[in-house]
file query_5.txt (compact mmCIF, C-alpha atoms)
# COMPACT_ATOMS: atom_id res chain seq x y z
CA THR A 1 -1.25 4.15 -0.78
CA ALA A 2 -2.78 4.07 2.70
CA ARG A 3 -4.57 7.34 1.97
CA TYR A 4 -6.08 5.95 -1.23
CA VAL A 5 -7.27 2.84 0.63
CA ASP A 6 -8.72 4.91 3.48
CA ILE A 7 -10.69 7.07 1.05
CA TYR A 8 -12.24 4.27 -0.96
CA LYS A 9 -12.94 2.14 2.13
CA GLY A 10 -14.60 5.16 3.73
CA LEU A 11 -16.80 5.65 0.67
CA GLU A 12 -17.71 1.96 0.73
CA ASP A 13 -18.78 2.35 4.37
CA ILE A 14 -20.95 5.33 3.43
CA GLU A 15 -22.49 3.32 0.58
CA ARG A 16 -23.77 0.77 3.12
CA THR A 17 -25.87 3.45 4.80
CA ARG A 18 -27.03 5.50 1.83
CA LYS A 19 -26.80 5.81 -1.93
CA LEU A 20 -23.67 7.58 -3.13
CA THR A 21 -23.91 10.73 -5.23
CA ASP A 22 -22.52 10.63 -8.77
CA GLU A 23 -19.48 12.57 -7.60
CA GLU A 24 -18.89 10.13 -4.75
CA LYS A 25 -19.24 7.17 -7.11
CA ALA A 26 -16.60 8.69 -9.38
CA GLU A 27 -14.32 9.24 -6.40
CA LEU A 28 -14.84 5.65 -5.23
CA LYS A 29 -13.92 4.31 -8.65
CA LEU A 30 -10.86 6.58 -8.91
CA TYR A 31 -9.45 5.72 -5.48
CA GLN A 32 -10.11 2.00 -5.92
CA LYS A 33 -8.02 2.18 -9.08
CA LEU A 34 -5.25 4.19 -7.41
CA ALA A 35 -5.16 1.84 -4.41
CA SER A 36 -5.06 -1.16 -6.74
CA ALA A 37 -2.13 0.40 -8.63
CA CYS A 38 -0.12 1.59 -5.63
CA THR A 39 -0.55 -1.42 -3.33
CA PRO A 40 1.69 -3.80 -5.34
CA LEU A 41 4.38 -1.11 -5.58
CA ALA A 42 4.27 -0.40 -1.85
CA LYS A 43 4.18 -4.07 -0.83
CA GLY A 44 6.76 -5.35 -3.30
CA MET A 45 9.34 -2.59 -3.17
CA ASN A 46 9.21 -2.07 0.60
CA SER A 47 9.73 -5.82 1.02
CA GLU A 48 12.65 -5.88 -1.39
CA TYR A 49 14.32 -2.87 0.25
CA ALA A 50 13.80 -4.44 3.69
CA ASN A 51 15.63 -7.54 2.45
CA LEU A 52 18.43 -5.46 0.94
CA ASN A 53 18.93 -3.42 4.10
CA ALA A 54 18.90 -6.51 6.32
CA TYR A 55 21.39 -8.24 4.00
CA ASP A 56 23.72 -5.24 4.15
CA SER A 57 23.39 -5.12 7.94
CA ILE A 58 24.54 -8.73 8.23
CA GLN A 59 27.44 -7.97 5.87
CA VAL A 60 28.53 -4.96 7.92
CA HIS A 61 28.55 -7.03 11.11
CA GLY A 62 30.41 -9.90 9.47
CA GLY A 63 30.33 -13.22 11.34
CA SER A 64 28.88 -11.50 14.40
CA GLY A 65 25.77 -10.70 12.36
CA TYR A 66 24.78 -14.37 12.54
CA MET A 67 25.08 -14.52 16.33
CA LEU A 68 21.96 -14.35 18.48
CA GLU A 69 23.51 -11.53 20.52
CA TYR A 70 22.94 -9.15 17.58
CA ALA A 71 19.50 -7.98 16.50
CA CYS A 72 20.37 -8.01 12.81
CA GLN A 73 20.10 -11.81 12.62
CA ARG A 74 16.44 -11.55 13.68
CA LEU A 75 15.79 -8.60 11.37
CA TYR A 76 17.30 -10.60 8.51
CA ARG A 77 14.90 -13.50 9.13
CA ASP A 78 11.95 -11.16 9.64
CA ALA A 79 12.69 -9.24 6.45
CA ARG A 80 12.89 -12.37 4.31
CA ILE A 81 9.27 -13.34 4.87
CA THR A 82 7.96 -9.93 3.79
CA SER A 83 8.64 -10.69 0.11
CA ILE A 84 6.75 -13.99 0.44
CA TYR A 85 3.62 -13.67 2.58
CA GLU A 86 0.52 -11.72 1.50
CA GLY A 87 1.68 -12.19 -2.09
CA THR A 88 5.24 -12.69 -3.26
CA THR A 89 7.04 -9.93 -5.11
CA GLN A 90 6.40 -11.90 -8.29
CA LEU A 91 2.65 -11.71 -7.62
CA GLN A 92 2.94 -7.98 -6.92
CA THR A 93 4.54 -7.66 -10.36
CA VAL A 94 1.60 -9.54 -11.92
CA ALA A 95 -0.85 -7.23 -10.10
CA ALA A 96 1.01 -4.11 -11.26
CA LEU A 97 1.44 -5.12 -14.91
CA PRO A 98 -2.09 -4.13 -16.10
CA HIS A 99 -1.56 -0.68 -14.58
CA ILE A 100 1.77 -0.44 -16.41
CA THR A 101 0.40 -1.34 -19.83
CA THR A 102 -2.80 0.71 -19.53
CA GLY A 103 -0.94 3.85 -18.47
CA THR A 104 -2.06 4.24 -14.84
CA TYR A 105 1.48 4.85 -13.63
CA SER A 106 2.33 7.02 -16.62
CA GLN A 107 -0.65 9.26 -15.83
CA MET A 108 0.37 9.34 -12.17
CA LEU A 109 3.89 10.40 -13.15
CA GLU A 110 2.55 13.09 -15.48
CA GLU A 111 0.50 14.55 -12.63
CA LEU A 112 3.46 14.44 -10.25
CA GLU A 113 5.70 16.07 -12.86
CA ALA A 114 3.23 18.97 -13.09
CA GLY A 115 3.71 19.73 -9.40
CA GLU A 116 6.05 22.50 -8.34
CA VAL A 117 9.37 21.79 -6.65
CA ALA A 118 11.76 24.09 -4.84
CA ALA A 119 13.90 26.14 -7.24
CA GLU A 120 17.08 24.40 -6.10
CA TYR A 121 15.56 21.04 -7.08
CA GLU A 122 14.77 21.93 -10.70
CA SER A 123 17.82 20.07 -12.03
CA LEU A 124 16.83 17.03 -9.97
CA LYS A 125 13.29 17.28 -11.31
CA ALA A 126 14.67 17.23 -14.85
CA ARG A 127 16.61 14.06 -14.05
CA ALA A 128 13.46 12.45 -12.63
CA LYS A 129 11.50 13.47 -15.72
CA ALA A 130 14.15 11.86 -17.95
CA MET A 131 13.70 8.66 -15.93
CA ASP A 132 9.95 8.82 -16.51
CA ALA A 133 10.58 9.15 -20.25
CA LYS A 134 12.67 5.96 -20.21
CA PHE A 135 9.90 4.15 -18.37
CA ASN A 136 7.32 5.22 -20.97
CA GLU A 137 9.65 4.26 -23.81
CA ALA A 138 10.22 0.82 -22.30
CA ILE A 139 6.45 0.30 -22.11
CA GLU A 140 6.07 1.18 -25.79
CA VAL A 141 8.87 -1.23 -26.74
CA VAL A 142 7.12 -4.08 -24.94
CA LYS A 143 3.67 -3.24 -26.30
CA ALA A 144 4.98 -2.86 -29.85
CA ALA A 145 6.54 -6.34 -29.73
CA ASN A 146 3.09 -7.84 -29.05
CA ASN A 147 4.74 -10.96 -27.66
CA ASN A 148 3.47 -12.50 -24.42
CA GLU A 149 6.77 -14.21 -23.61
CA PHE A 150 8.67 -10.96 -24.10
CA THR A 151 6.14 -9.18 -21.87
CA ASP A 152 6.62 -11.82 -19.17
CA LEU A 153 10.40 -11.54 -19.49
CA CYS A 154 10.26 -7.77 -19.07
CA SER A 155 7.49 -7.57 -16.46
CA ARG A 156 9.73 -7.37 -13.39
CA HIS A 157 11.90 -4.77 -15.13
CA LEU A 158 8.85 -2.66 -15.97
CA TYR A 159 7.59 -3.05 -12.41
CA GLU A 160 10.82 -1.76 -10.92
CA LEU A 161 10.98 1.04 -13.49
CA ALA A 162 7.52 2.16 -12.41
CA ALA A 163 8.36 1.95 -8.72
CA ASN A 164 11.63 3.87 -8.98
CA CYS A 165 10.06 6.61 -11.09
CA VAL A 166 7.02 7.04 -8.85
CA MET A 167 9.10 7.02 -5.67
CA SER A 168 11.56 9.55 -7.10
CA GLN A 169 8.74 11.97 -7.86
CA LEU A 170 7.23 11.46 -4.40
CA MET A 171 10.60 12.08 -2.76
CA LEU A 172 10.97 15.31 -4.72
CA ARG A 173 7.52 16.40 -3.59
CA ASP A 174 8.27 15.56 0.04
CA ALA A 175 11.65 17.31 -0.03
CA THR A 176 9.99 20.45 -1.38
CA LYS A 177 7.48 20.39 1.50
CA ALA A 178 9.97 19.50 4.24
CA PRO A 179 13.62 19.76 3.12
CA GLU A 180 14.87 19.34 6.67
CA LEU A 181 13.37 15.85 6.71
CA PHE A 182 13.69 14.63 3.15
CA GLU A 183 16.33 16.52 1.16
CA LYS A 184 19.29 14.27 1.97
CA SER A 185 17.30 11.06 1.47
CA MET A 186 15.83 12.39 -1.77
CA LYS A 187 19.26 13.15 -3.25
CA VAL A 188 20.67 9.76 -2.23
CA TYR A 189 17.62 7.91 -3.52
CA LEU A 190 17.54 9.77 -6.83
CA ASN A 191 21.09 8.62 -7.56
CA LEU A 192 20.12 5.03 -6.81
CA ALA A 193 16.88 5.24 -8.79
CA GLU A 194 18.64 6.75 -11.80
CA ALA A 195 21.05 3.81 -11.94
CA GLU A 196 18.24 1.30 -11.46
CA VAL A 197 16.11 2.89 -14.19
CA ALA A 198 19.04 2.82 -16.62
CA LYS A 199 19.65 -0.88 -15.82
CA HIS A 200 16.06 -1.97 -16.38
CA TYR A 201 15.57 0.29 -19.41
CA ASN A 202 18.72 -1.08 -21.06
CA PHE A 203 17.55 -4.64 -20.46
CA VAL A 204 14.20 -4.04 -22.17
CA LYS A 205 15.84 -2.24 -25.08
CA SER A 206 18.55 -4.86 -25.55
CA VAL A 207 16.36 -7.96 -25.93
CA ASP A 208 16.15 -9.23 -29.51
CA VAL A 209 12.56 -10.47 -29.65
CA GLU A 210 12.97 -12.18 -33.02
CA SER A 211 16.02 -14.14 -31.85
CA MET A 212 14.20 -15.07 -28.64
CA GLU A 213 11.25 -16.38 -30.65
CA SER A 214 13.51 -18.34 -33.00
CA TYR A 215 15.33 -19.91 -30.05
CA ARG A 216 12.03 -20.91 -28.44
CA LYS A 217 10.78 -22.59 -31.61
CA ALA A 218 14.10 -24.42 -32.08
call {"tool": "encode", "arguments": {"input": "query_5.txt", "output": "structure tokens"}}
result
Amino acid sequence: TARYVDIYKGLEDIERTRKLTDEEKAELKLYQKLASACTPLAKGMNSEYANLNAYDSIQVHGGSGYMLEYACQRLYRDARITSIYEGTTQLQTVAALPHITTGTYSQMLEELEAGEVAAEYESLKARAKAMDAKFNEAIEVVKAANNNEFTDLCSRHLYELAANCVMSQLMLRDATKAPELFEKSMKVYLNLAEAEVAKHYNFVKSVDVESMESYRKA
């Protein structure tokens, strides 16, 4: 995400001094779009994971975790604000939703899927690809319903589906480049992401839109 922002901000700086070429204009438009799509995922999911990790840290320490002598009490307070300031996680979901429904993330996943991974990760890549398929199917279910309330109900689920799928593919890519740094984390994360994708996918698939509409009217 930072790379995408750096590129389009750099091109904007160049544009202040001279006219951009057609190729540069296309690049500016592309990287603005990618930065716009990736920023809400990076901000929202990093904030939520920070909260989860801080919560678990307090739990591990038990009552001592609340005491000022332990750093985790400060980390817990510091983590909580990250999902509020500079746009709550709910606002990050709103920002990401157009990129979900228009296929920005799906295209990103397709490009990541086309990348090569180490031979020993092929089975993991297949699992990640199956997760991507569930994400795309969930999008089609929501779009086919053509119901704004159903879309709103599913928006956070679609957001987390997108984030888990994109991050899984990125972890696979990183583990291929530097297994000594990322292999263990990639395998642990893929297990978590697979469970999360199944949870959100099953929610979207299980909602009876007609019953929901009837209940609202009643």
call {"tool": "closest_atom_pairs", "arguments": {"input": "query_5.txt", "of": "segment 63-156 of chain A", "to": "segment 11-35 of chain A", "cutoff": "12 Å", "atoms": "only C-alpha atoms", "output": "Markdown table"}}
result
| residue | atom | partner | partner_atom | distance |
| --- | --- | --- | --- | --- |
| A:Ala95 | CA | A:Ala35 | CA | 11.5 |
| A:Ala96 | CA | A:Ala35 | CA | 11.0 |
| A:Pro98 | CA | A:Lys33 | CA | 11.1 |
| A:His99 | CA | A:Lys33 | CA | 9.0 |
| A:Thr102 | CA | A:Lys33 | CA | 11.8 |
| A:Gly103 | CA | A:Leu34 | CA | 11.9 |
| A:Thr104 | CA | A:Leu34 | CA | 8.1 |
| A:Tyr105 | CA | A:Leu34 | CA | 9.2 |
| A:Gln107 | CA | A:Leu34 | CA | 10.9 |
| A:Met108 | CA | A:Leu34 | CA | 9.0 |
call {"tool": "closest_residue", "arguments": {"input": "query_5.txt", "among": "A:Cys154, A:Ala54, A:Leu41, A:Val197", "to": "Lys129 of chain A", "atoms": "all atoms listed in the file"}}
result
A:Val197
call {"tool": "atom_distance", "arguments": {"input": "query_5.txt", "atom1": "atom CA of Ala79 of chain A", "atom2": "atom CA of Ala198 of chain A"}}
result
26.8 Å
call {"tool": "closest_atom_pairs", "arguments": {"input": "query_5.txt", "of": "segment 13-112 of chain A", "to": "segment 139-153 of chain A", "cutoff": "10 Å", "atoms": "only C-alpha atoms", "output": "CSV"}}
result
residue,atom,partner,partner_atom,distance
A:Thr93,CA,A:Asp152,CA,10.0
A:Val94,CA,A:Asp152,CA,9.1
A:Leu97,CA,A:Thr151,CA,9.3
A:Ile100,CA,A:Ile139,CA,7.4
A:Thr101,CA,A:Ile139,CA,6.7
A:Thr102,CA,A:Ile139,CA,9.6
A:Gly103,CA,A:Ile139,CA,9.0
A:Ser106,CA,A:Ile139,CA,9.6
call {"tool": "atom_distance", "arguments": {"input": "query_5.txt", "atom1": "atom CA of Glu122 of chain A", "atom2": "atom CA of Tyr49 of chain A"}}
result
27.1 Å
call {"tool": "residues_around", "arguments": {"input": "query_5.txt", "residues": "Ser83 of chain A", "least_positions_apart": "3", "cutoff": "6 Å", "atoms": "all atoms listed in the file", "output": "VMD selection string"}}
result
chain A and resid 47 88 to 89
call {"tool": "atom_distance", "arguments": {"input": "query_5.txt", "atom1": "atom CA of Tyr55 of chain A", "atom2": "atom CA of Tyr76 of chain A"}}
result
6.5 Å
call {"tool": "residues_around", "arguments": {"input": "query_5.txt", "residues": "segment 68-72 of chain A", "least_positions_apart": "5", "cutoff": "12 Å", "atoms": "all atoms listed in the file", "output": "list in words"}}
result
Ala50, Asn51, Asn53, Ala54, Tyr55, Asp56, Ser57, Ile58, Gln59, Val60, His61, Gly62, Gly63, Arg77, Asp78 and Ala79 of chain A
call {"tool": "residues_around", "arguments": {"input": "query_5.txt", "residues": "Asp132 of chain A", "least_positions_apart": "5", "cutoff": "9 Å", "atoms": "only C-alpha atoms", "output": "PyMOL selection string"}}
result
chain A and resi 106+109-110+127+137+161-162+165-166+197
call {"tool": "residues_around", "arguments": {"input": "query_5.txt", "residues": "Leu91 of chain A", "least_positions_apart": "5", "cutoff": "12 Å", "atoms": "all atoms listed in the file", "output": "mmCIF file with C-alpha atoms, in the frame of the given file"}}
result
data_model
loop_
_atom_site.group_PDB
_atom_site.id
_atom_site.type_symbol
_atom_site.label_atom_id
_atom_site.label_comp_id
_atom_site.auth_asym_id
_atom_site.auth_seq_id
_atom_site.Cartn_x
_atom_site.Cartn_y
_atom_site.Cartn_z
ATOM 1 C CA THR A 39 -0.550 -1.420 -3.330
ATOM 2 C CA PRO A 40 1.690 -3.800 -5.340
ATOM 3 C CA LEU A 41 4.380 -1.110 -5.580
ATOM 4 C CA LYS A 43 4.180 -4.070 -0.830
ATOM 5 C CA GLY A 44 6.760 -5.350 -3.300
ATOM 6 C CA SER A 83 8.640 -10.690 0.110
ATOM 7 C CA ILE A 84 6.750 -13.990 0.440
ATOM 8 C CA TYR A 85 3.620 -13.670 2.580
ATOM 9 C CA GLU A 86 0.520 -11.720 1.500
ATOM 10 C CA ALA A 96 1.010 -4.110 -11.260
ATOM 11 C CA LEU A 97 1.440 -5.120 -14.910
ATOM 12 C CA SER A 155 7.490 -7.570 -16.460
ATOM 13 C CA ARG A 156 9.730 -7.370 -13.390
ATOM 14 C CA TYR A 159 7.590 -3.050 -12.410
#
call {"tool": "closest_residue", "arguments": {"input": "query_5.txt", "among": "A:Leu170, A:Met131, A:Leu158, A:Met67", "to": "Thr1 of chain A", "atoms": "only C-alpha atoms"}}
result
A:Leu170
